[in-house]
Amino acid sequence: MEHRIISAIDYLSGEDAIYRTLAGDTLPTRFHELGAICEHCNQNRQRKTVYVLIGDTGGYSQVGSTCLREYIGADADLLVTAYRDQYEADEDERIRFSRSI
């Protein structure tokens with residue numbers, strides 16, 4: 001199964017979170033309420049980052065950063081790098097657009 005990261009959720013303290021969702025993707029509401037739980041290992045730890053992935057069948061999963069490699073296999077680093085590159089490109093585009101207004 002192929003996966004793609006659509007969002008990284010960073011937990012600062014307690015329940016406060018920063019949602020970094022790619023432009024053009026929509027983060028399902030349940031991930032705003034789920035907290036820092038990894039759906040792979042089902043443990044609620046003091047996590048800093050979880051990733052929301054979409055599979056090629058359209059299903060969503062939230063996976064902790066430490067479980068990502070086990071969940072999707074050896075290409076986890078490539079997947080995270082691709083997500084970060086796209087997120088930065090989206091952010092650059094948002095900045096260019098806001099300056100043109």
# chains A, B, ... in the order shown; residues from 1 in each chain; ligands from 1
>>> residues_around(residues="Phe31 in chain A", least_positions_apart="2", cutoff="12 Å", atoms="only C-alpha atoms", output="list in words")
Ile6, Ser7, Ala8, Ile9, Ala17, Ile18, Tyr19, Thr21, Thr26, Leu27, Pro28, Thr29, Glu33, Leu34, Gly35, Ala36, Ile37, Cys38, Glu39, Val50, Tyr51, Val52, Leu53, Tyr60, Ser61, Gln62 and Val63 of chain A
>>> closest_residue(among="A:Ala23, A:His40, A:Thr81, A:Tyr87", to="Thr66 in chain A", atoms="only C-alpha atoms")
A:His40
>>> atom_distance(atom1="CA of Tyr71 in chain A", atom2="CA of Ile5 in chain A")
12.4 Å
>>> atom_distance(atom1="CA of Glu88 in chain A", atom2="CA of Asn44 in chain A")
28.7 Å
>>> atom_distance(atom1="CA of Asp85 in chain A", atom2="CA of Arg20 in chain A")
12.5 Å
>>> closest_residue(among="A:Ser13, A:Gly59, A:His3, A:Arg45", to="Leu78 in chain A", atoms="only C-alpha atoms")
A:His3
>>> closest_residue(among="A:Ile95, A:Ala74, A:Leu22, A:Leu68", to="Cys41 in chain A", atoms="only C-alpha atoms")
A:Leu68
>>> decode(residues="range 83-99 of chain A", atoms="N, CA, C and O atoms", output="PDB file, in the first residue's frame")
ATOM      1  N   TYR A  83       6.891  15.403   2.128  1.00  0.00           N
ATOM      2  CA  TYR A  83       5.864  16.213   2.797  1.00  0.00           C
ATOM      3  C   TYR A  83       6.425  17.595   3.140  1.00  0.00           C
ATOM      4  O   TYR A  83       5.802  18.618   2.861  1.00  0.00           O
ATOM      5  N   ARG A  84       7.603  17.639   3.767  1.00  0.00           N
ATOM      6  CA  ARG A  84       8.202  18.919   4.175  1.00  0.00           C
ATOM      7  C   ARG A  84       8.481  19.822   2.975  1.00  0.00           C
ATOM      8  O   ARG A  84       8.240  21.028   3.034  1.00  0.00           O
ATOM      9  N   ASP A  85       8.995  19.240   1.899  1.00  0.00           N
ATOM     10  CA  ASP A  85       9.258  20.031   0.694  1.00  0.00           C
ATOM     11  C   ASP A  85       7.972  20.647   0.154  1.00  0.00           C
ATOM     12  O   ASP A  85       7.948  21.825  -0.223  1.00  0.00           O
ATOM     13  N   GLN A  86       6.898  19.851   0.103  1.00  0.00           N
ATOM     14  CA  GLN A  86       5.618  20.352  -0.395  1.00  0.00           C
ATOM     15  C   GLN A  86       5.044  21.412   0.540  1.00  0.00           C
ATOM     16  O   GLN A  86       4.523  22.434   0.094  1.00  0.00           O
ATOM     17  N   TYR A  87       5.145  21.182   1.844  1.00  0.00           N
ATOM     18  CA  TYR A  87       4.618  22.156   2.802  1.00  0.00           C
ATOM     19  C   TYR A  87       5.351  23.494   2.675  1.00  0.00           C
ATOM     20  O   TYR A  87       4.729  24.552   2.688  1.00  0.00           O
ATOM     21  N   GLU A  88       6.664  23.446   2.528  1.00  0.00           N
ATOM     22  CA  GLU A  88       7.445  24.676   2.357  1.00  0.00           C
ATOM     23  C   GLU A  88       7.088  25.378   1.055  1.00  0.00           C
ATOM     24  O   GLU A  88       6.985  26.610   1.015  1.00  0.00           O
ATOM     25  N   ALA A  89       6.874  24.625  -0.005  1.00  0.00           N
ATOM     26  CA  ALA A  89       6.470  25.227  -1.277  1.00  0.00           C
ATOM     27  C   ALA A  89       5.091  25.873  -1.145  1.00  0.00           C
ATOM     28  O   ALA A  89       4.869  26.984  -1.661  1.00  0.00           O
ATOM     29  N   ASP A  90       4.177  25.213  -0.445  1.00  0.00           N
ATOM     30  CA  ASP A  90       2.845  25.780  -0.208  1.00  0.00           C
ATOM     31  C   ASP A  90       2.961  27.070   0.588  1.00  0.00           C
ATOM     32  O   ASP A  90       2.294  28.061   0.291  1.00  0.00           O
ATOM     33  N   GLU A  91       3.814  27.071   1.608  1.00  0.00           N
ATOM     34  CA  GLU A  91       3.997  28.256   2.451  1.00  0.00           C
ATOM     35  C   GLU A  91       4.589  29.405   1.649  1.00  0.00           C
ATOM     36  O   GLU A  91       4.157  30.549   1.777  1.00  0.00           O
ATOM     37  N   ASP A  92       5.569  29.118   0.807  1.00  0.00           N
ATOM     38  CA  ASP A  92       6.151  30.149  -0.050  1.00  0.00           C
ATOM     39  C   ASP A  92       5.095  30.755  -0.961  1.00  0.00           C
ATOM     40  O   ASP A  92       5.056  31.969  -1.168  1.00  0.00           O
ATOM     41  N   GLU A  93       4.217  29.919  -1.491  1.00  0.00           N
ATOM     42  CA  GLU A  93       3.145  30.399  -2.365  1.00  0.00           C
ATOM     43  C   GLU A  93       2.166  31.281  -1.588  1.00  0.00           C
ATOM     44  O   GLU A  93       1.721  32.316  -2.087  1.00  0.00           O
ATOM     45  N   ARG A  94       1.825  30.885  -0.360  1.00  0.00           N
ATOM     46  CA  ARG A  94       0.932  31.706   0.469  1.00  0.00           C
ATOM     47  C   ARG A  94       1.557  33.074   0.748  1.00  0.00           C
ATOM     48  O   ARG A  94       0.869  34.098   0.728  1.00  0.00           O
ATOM     49  N   ILE A  95       2.865  33.101   1.023  1.00  0.00           N
ATOM     50  CA  ILE A  95       3.548  34.358   1.287  1.00  0.00           C
ATOM     51  C   ILE A  95       3.548  35.238   0.039  1.00  0.00           C
ATOM     52  O   ILE A  95       3.245  36.425   0.107  1.00  0.00           O
ATOM     53  N   ARG A  96       3.869  34.663  -1.125  1.00  0.00           N
ATOM     54  CA  ARG A  96       3.851  35.436  -2.385  1.00  0.00           C
ATOM     55  C   ARG A  96       2.460  36.003  -2.661  1.00  0.00           C
ATOM     56  O   ARG A  96       2.302  37.138  -3.058  1.00  0.00           O
ATOM     57  N   PHE A  97       1.418  35.182  -2.436  1.00  0.00           N
ATOM     58  CA  PHE A  97       0.051  35.617  -2.685  1.00  0.00           C
ATOM     59  C   PHE A  97      -0.323  36.757  -1.744  1.00  0.00           C
ATOM     60  O   PHE A  97      -0.922  37.742  -2.162  1.00  0.00           O
ATOM     61  N   SER A  98       0.035  36.644  -0.462  1.00  0.00           N
ATOM     62  CA  SER A  98      -0.344  37.694   0.496  1.00  0.00           C
ATOM     63  C   SER A  98       0.381  39.006   0.196  1.00  0.00           C
ATOM     64  O   SER A  98      -0.157  40.076   0.448  1.00  0.00           O
ATOM     65  N   ARG A  99       1.566  38.932  -0.340  1.00  0.00           N
ATOM     66  CA  ARG A  99       2.296  40.156  -0.693  1.00  0.00           C
ATOM     67  C   ARG A  99       1.725  40.827  -1.935  1.00  0.00           C
ATOM     68  O   ARG A  99       1.872  42.020  -2.114  1.00  0.00           O
TER      69      ARG A  99
END
